[in-house]
Amino acid sequence: MTAAVQRADMSPLQAARRVVLKIGSALLVDDATGKVRQDWLEALADDIAASRKRGQEVLVVSSGAIAVGRYHLGLHGRALRLEEKQAAAATGQSRLTHAYQEALARHDITVAQVLLTFDDTEQRRRHLNARGTLRELLKLGAVPVVNENDTVATEEIRYGDNDRLAARVAQMVSADALVLFSDIDGLYTADPRKDGGARHLPEIVEMTDDIEAMAGKAPPGYSSGGMVTKLAAARIAMAAGCRMAIADGRKDHPLDALIQGARCTWFLPPTSPPAARKGWIAGGLKVAGTLTLDDGAVAALRQGKSLLPAGVTRVAGDFERGDAVAVEDKSGRRLGRGLVAYSSQDCLRILGHKSGEIEAILGYRGRDEMIHRDDLVLDT
Ligand code: GLU
């Protein structure tokens, strides 16, 4: 795919190469009938197709499983218990994905359903798995349609709102833009329905206590997850170097409207996604082991390449896949650190071997790289 080029006159959305769109239930599902608003969804699909024609990759995080499913189980018109929500999600999710599939098939775009739990996004090992799958789907040209796996997610372990889930997905795939489509065109200094003096804020460059306090003033239910979860999402996105918008999605073609300059609030972080990811790897994580490299691997790393098992001569420490490990040259000089794609035991078995031999040695086909270059930070 062609990389989108950033120009000064472009909106953050146009400049993005990889975009996550979060669609709330209230936009997608008709509350009176429990049916997907197919016309609205088809218009969104047109926007997604146009976006891909511009060279962008698109992922969708969509709510609506519970809102659709409850009608098929006679569970509408009242508040649901957790078990009822889980049951509703189980019957609604397939209908939801089907609706996306139908809408995007008109543009010959393949949809891939991805259901995630909190652990899949929060635990590093599983995070690497989900990241790998999502990136592969994008490479293969599919549009991943992501939701929380509500059927197995209980109260203590679930997000419950797709705002934060969408921000985690954006972080996971190093997206450069995330749009939360909602029933309001952004963040205001106060609730605009109650306060005539409420001011719209077009751009936020830093999350301050004052900004957080503005979310506190919005009543619950004002939009599906409320402003509180949207600002929590903005915090995650900003830390990941991903630009995030809160935008009104109620009219048809909401993405196109945004590109044409519709009013919204942009949260603009100071860093880019790769820089933020590298900062996270370089800073926050405890190192659980060390890999020693031969001269060829050291030279390859310096050229920005990934670390292959063939270039590793020694493995020290006890670590799991996804842990942070240090890398050093044969004289023991530290070169940097990265997230390792194999456990220490598996590393010991495949070190010095060609990537093509991994499957025969381990009995499964893992990644070609021991540390992928995106997951590697060299000391300067
Ligand atoms: N995952 C839930 C669903 O699909 C929705 C969560 C939300 O509203 O943010 O029904």
# chains A, B, ... in the order shown; residues from 1 in each chain; ligands from 1
call {"tool": "residues_around", "arguments": {"residues": "Ala213 in chain A", "least_positions_apart": "3", "cutoff": "12 Å", "atoms": "only C-alpha atoms", "output": "ChimeraX atom specification"}}
result
/A:187-191,207-210,216-218,227-228,231
call {"tool": "residues_around", "arguments": {"residues": "His353 in chain A", "least_positions_apart": "2", "cutoff": "6 Å", "atoms": "only C-alpha atoms", "output": "PyMOL selection string"}}
result
chain A and resi 309-310+350-351
call {"tool": "closest_residue", "arguments": {"among": "A:Leu291, A:Leu285, A:Ala198, A:Leu21", "to": "Arg334 in chain A", "atoms": "only C-alpha atoms"}}
result
A:Leu291
call {"tool": "closest_residue", "arguments": {"among": "A:Ser182, A:Gln86, A:Thr292, A:Ser174", "to": "Ser62 in chain A", "atoms": "only C-alpha atoms"}}
result
A:Ser182
call {"tool": "residues_near_ligand", "arguments": {"ligand": "ligand 1", "cutoff": "10 Å", "atoms": "only C-alpha atoms and all ligand atoms", "output": "count of residues only"}}
result
47
call {"tool": "residues_around", "arguments": {"residues": "Asp47 in chain A", "least_positions_apart": "2", "cutoff": "8 Å", "atoms": "only C-alpha atoms", "output": "ChimeraX atom specification"}}
result
/A:43-45,49-51,253-256
call {"tool": "residues_around", "arguments": {"residues": "range 126-143 of chain A", "least_positions_apart": "2", "cutoff": "8 Å", "atoms": "only C-alpha atoms", "output": "mmCIF file with all heavy atoms, in the first residue's frame"}}
result
data_model
loop_
_atom_site.group_PDB
_atom_site.id
_atom_site.type_symbol
_atom_site.label_atom_id
_atom_site.label_comp_id
_atom_site.auth_asym_id
_atom_site.auth_seq_id
_atom_site.Cartn_x
_atom_site.Cartn_y
_atom_site.Cartn_z
ATOM 1 N N GLU A 57 -5.011 2.192 5.879
ATOM 2 C CA GLU A 57 -5.515 0.943 6.438
ATOM 3 C C GLU A 57 -6.558 1.293 7.489
ATOM 4 O O GLU A 57 -6.376 2.241 8.250
ATOM 5 C CB GLU A 57 -4.378 0.155 7.087
ATOM 6 C CG GLU A 57 -3.363 -0.346 6.084
ATOM 7 C CD GLU A 57 -2.160 -0.981 6.755
ATOM 8 O OE1 GLU A 57 -1.839 -0.595 7.896
ATOM 9 O OE2 GLU A 57 -1.545 -1.830 6.147
ATOM 10 N N VAL A 58 -7.638 0.529 7.504
ATOM 11 C CA VAL A 58 -8.736 0.866 8.422
ATOM 12 C C VAL A 58 -9.087 -0.328 9.297
ATOM 13 O O VAL A 58 -9.203 -1.455 8.812
ATOM 14 C CB VAL A 58 -9.999 1.305 7.636
ATOM 15 C CG1 VAL A 58 -11.117 1.705 8.596
ATOM 16 C CG2 VAL A 58 -9.678 2.449 6.684
ATOM 17 N N LEU A 59 -9.234 -0.084 10.582
ATOM 18 C CA LEU A 59 -9.764 -1.071 11.518
ATOM 19 C C LEU A 59 -11.009 -0.463 12.144
ATOM 20 O O LEU A 59 -11.057 0.754 12.385
ATOM 21 C CB LEU A 59 -8.796 -1.385 12.645
ATOM 22 C CG LEU A 59 -7.427 -1.976 12.302
ATOM 23 C CD1 LEU A 59 -6.406 -0.872 12.152
ATOM 24 C CD2 LEU A 59 -6.993 -2.919 13.422
ATOM 25 N N VAL A 60 -12.001 -1.312 12.419
ATOM 26 C CA VAL A 60 -13.220 -0.826 13.064
ATOM 27 C C VAL A 60 -13.336 -1.495 14.428
ATOM 28 O O VAL A 60 -13.106 -2.699 14.550
ATOM 29 C CB VAL A 60 -14.461 -1.172 12.209
ATOM 30 C CG1 VAL A 60 -15.740 -0.752 12.920
ATOM 31 C CG2 VAL A 60 -14.375 -0.509 10.841
ATOM 32 N N ILE A 109 -14.516 -5.712 -0.145
ATOM 33 C CA ILE A 109 -13.614 -5.671 1.014
ATOM 34 C C ILE A 109 -14.003 -6.808 1.962
ATOM 35 O O ILE A 109 -15.179 -7.000 2.271
ATOM 36 C CB ILE A 109 -13.703 -4.307 1.740
ATOM 37 C CG1 ILE A 109 -13.214 -3.190 0.805
ATOM 38 C CG2 ILE A 109 -12.887 -4.325 3.034
ATOM 39 C CD1 ILE A 109 -13.413 -1.796 1.350
ATOM 40 N N THR A 110 -13.003 -7.553 2.400
ATOM 41 C CA THR A 110 -13.240 -8.676 3.302
ATOM 42 C C THR A 110 -13.194 -8.216 4.754
ATOM 43 O O THR A 110 -12.304 -7.460 5.139
ATOM 44 C CB THR A 110 -12.148 -9.750 3.079
ATOM 45 O OG1 THR A 110 -12.238 -10.166 1.727
ATOM 46 C CG2 THR A 110 -12.333 -10.945 3.997
ATOM 47 N N VAL A 111 -14.152 -8.706 5.527
ATOM 48 C CA VAL A 111 -14.237 -8.355 6.944
ATOM 49 C C VAL A 111 -13.680 -9.505 7.777
ATOM 50 O O VAL A 111 -13.875 -10.670 7.450
ATOM 51 C CB VAL A 111 -15.716 -8.093 7.311
ATOM 52 C CG1 VAL A 111 -15.955 -8.186 8.800
ATOM 53 C CG2 VAL A 111 -16.136 -6.724 6.791
ATOM 54 N N ALA A 112 -12.969 -9.180 8.850
ATOM 55 C CA ALA A 112 -12.457 -10.222 9.752
ATOM 56 C C ALA A 112 -12.894 -9.906 11.169
ATOM 57 O O ALA A 112 -12.597 -8.824 11.688
ATOM 58 C CB ALA A 112 -10.938 -10.257 9.668
ATOM 59 N N ASP A 119 -7.474 -9.016 28.967
ATOM 60 C CA ASP A 119 -6.130 -9.616 29.063
ATOM 61 C C ASP A 119 -5.385 -9.627 27.735
ATOM 62 O O ASP A 119 -4.160 -9.527 27.709
ATOM 63 C CB ASP A 119 -6.229 -11.069 29.546
ATOM 64 C CG ASP A 119 -6.420 -11.117 31.051
ATOM 65 O OD1 ASP A 119 -6.352 -10.045 31.677
ATOM 66 O OD2 ASP A 119 -6.648 -12.215 31.572
ATOM 67 N N ASP A 120 -6.127 -9.781 26.658
ATOM 68 C CA ASP A 120 -5.474 -9.810 25.346
ATOM 69 C C ASP A 120 -4.781 -8.495 25.046
ATOM 70 O O ASP A 120 -3.836 -8.441 24.271
ATOM 71 C CB ASP A 120 -6.491 -10.074 24.223
ATOM 72 C CG ASP A 120 -7.099 -11.449 24.317
ATOM 73 O OD1 ASP A 120 -6.399 -12.374 24.752
ATOM 74 O OD2 ASP A 120 -8.272 -11.594 23.953
ATOM 75 N N THR A 121 -5.297 -7.427 25.619
ATOM 76 C CA THR A 121 -4.704 -6.127 25.327
ATOM 77 C C THR A 121 -3.755 -5.685 26.433
ATOM 78 O O THR A 121 -2.862 -4.892 26.204
ATOM 79 C CB THR A 121 -5.785 -5.046 25.151
ATOM 80 O OG1 THR A 121 -6.544 -4.971 26.359
ATOM 81 C CG2 THR A 121 -6.700 -5.361 24.003
ATOM 82 N N GLU A 122 -3.941 -6.186 27.657
ATOM 83 C CA GLU A 122 -3.130 -5.693 28.771
ATOM 84 C C GLU A 122 -1.900 -6.545 29.044
ATOM 85 O O GLU A 122 -0.914 -6.055 29.559
ATOM 86 C CB GLU A 122 -3.971 -5.617 30.053
ATOM 87 C CG GLU A 122 -5.186 -4.712 29.942
ATOM 88 C CD GLU A 122 -4.820 -3.261 29.676
ATOM 89 O OE1 GLU A 122 -3.927 -2.728 30.355
ATOM 90 O OE2 GLU A 122 -5.431 -2.668 28.774
ATOM 91 N N GLN A 123 -1.973 -7.850 28.769
ATOM 92 C CA GLN A 123 -0.802 -8.698 29.036
ATOM 93 C C GLN A 123 0.101 -8.697 27.823
ATOM 94 O O GLN A 123 -0.361 -8.936 26.715
ATOM 95 C CB GLN A 123 -1.236 -10.129 29.313
ATOM 96 C CG GLN A 123 -1.801 -10.313 30.691
ATOM 97 C CD GLN A 123 -2.141 -11.767 30.926
ATOM 98 O OE1 GLN A 123 -1.786 -12.631 30.137
ATOM 99 N NE2 GLN A 123 -2.848 -12.011 32.001
ATOM 100 N N ARG A 124 1.389 -8.501 28.046
ATOM 101 C CA ARG A 124 2.285 -8.292 26.922
ATOM 102 C C ARG A 124 2.339 -9.473 25.957
ATOM 103 O O ARG A 124 2.370 -9.317 24.764
ATOM 104 C CB ARG A 124 3.670 -7.928 27.430
ATOM 105 C CG ARG A 124 4.225 -6.760 26.696
ATOM 106 C CD ARG A 124 5.419 -6.157 27.346
ATOM 107 N NE ARG A 124 6.159 -7.047 28.165
ATOM 108 C CZ ARG A 124 6.201 -6.980 29.485
ATOM 109 N NH1 ARG A 124 5.482 -6.075 30.100
ATOM 110 N NH2 ARG A 124 6.937 -7.800 30.176
ATOM 111 N N VAL A 145 -12.930 -6.143 12.180
ATOM 112 C CA VAL A 145 -14.024 -5.551 12.956
ATOM 113 C C VAL A 145 -13.919 -6.146 14.356
ATOM 114 O O VAL A 145 -14.130 -7.340 14.554
ATOM 115 C CB VAL A 145 -15.396 -5.833 12.313
ATOM 116 C CG1 VAL A 145 -16.522 -5.321 13.196
ATOM 117 C CG2 VAL A 145 -15.472 -5.162 10.938
ATOM 118 N N MET A 172 -2.093 -1.016 20.096
ATOM 119 C CA MET A 172 -1.567 -2.327 19.743
ATOM 120 C C MET A 172 -1.055 -2.371 18.296
ATOM 121 O O MET A 172 -0.046 -2.991 18.012
ATOM 122 C CB MET A 172 -2.702 -3.331 19.913
ATOM 123 C CG MET A 172 -2.286 -4.692 20.240
ATOM 124 S SD MET A 172 -3.510 -5.477 21.291
ATOM 125 C CE MET A 172 -4.951 -5.510 20.305
ATOM 126 N N VAL A 173 -1.777 -1.711 17.384
ATOM 127 C CA VAL A 173 -1.373 -1.772 15.974
ATOM 128 C C VAL A 173 -0.578 -0.530 15.555
ATOM 129 O O VAL A 173 -0.319 -0.319 14.386
ATOM 130 C CB VAL A 173 -2.591 -1.947 15.020
ATOM 131 C CG1 VAL A 173 -3.304 -3.248 15.325
ATOM 132 C CG2 VAL A 173 -3.545 -0.774 15.096
ATOM 133 N N GLY A 322 7.199 -12.311 24.880
ATOM 134 C CA GLY A 322 6.617 -10.987 25.135
ATOM 135 C C GLY A 322 7.344 -10.210 26.216
ATOM 136 O O GLY A 322 7.120 -9.017 26.390
#
call {"tool": "atom_distance", "arguments": {"atom1": "CA of Glu320 in chain A", "atom2": "CA of His372 in chain A"}}
result
15.5 Å
call {"tool": "select_by_dssp", "arguments": {"residues": "range 110-241 of chain A", "states": "alpha helix (DSSP H)", "output": "PyMOL selection string"}}
result
chain A and resi 118-122+124-139+162-172+209-217+226-239
call {"tool": "select_by_dssp", "arguments": {"residues": "range 1-108 of chain A", "states": "strand (DSSP E)", "output": "NGL selection string"}}
result
:A and (18-23 or 57-62)
call {"tool": "residues_around", "arguments": {"residues": "range 362-368 of chain A", "least_positions_apart": "4", "cutoff": "7 Å", "atoms": "only C-alpha atoms", "output": "PyMOL selection string"}}
result
chain A and resi 308+341+355+358
call {"tool": "closest_residue", "arguments": {"among": "A:Glu84, A:Asp195, A:Asp46, A:Asp295", "to": "Val152 in chain A", "atoms": "only C-alpha atoms"}}
result
A:Glu84
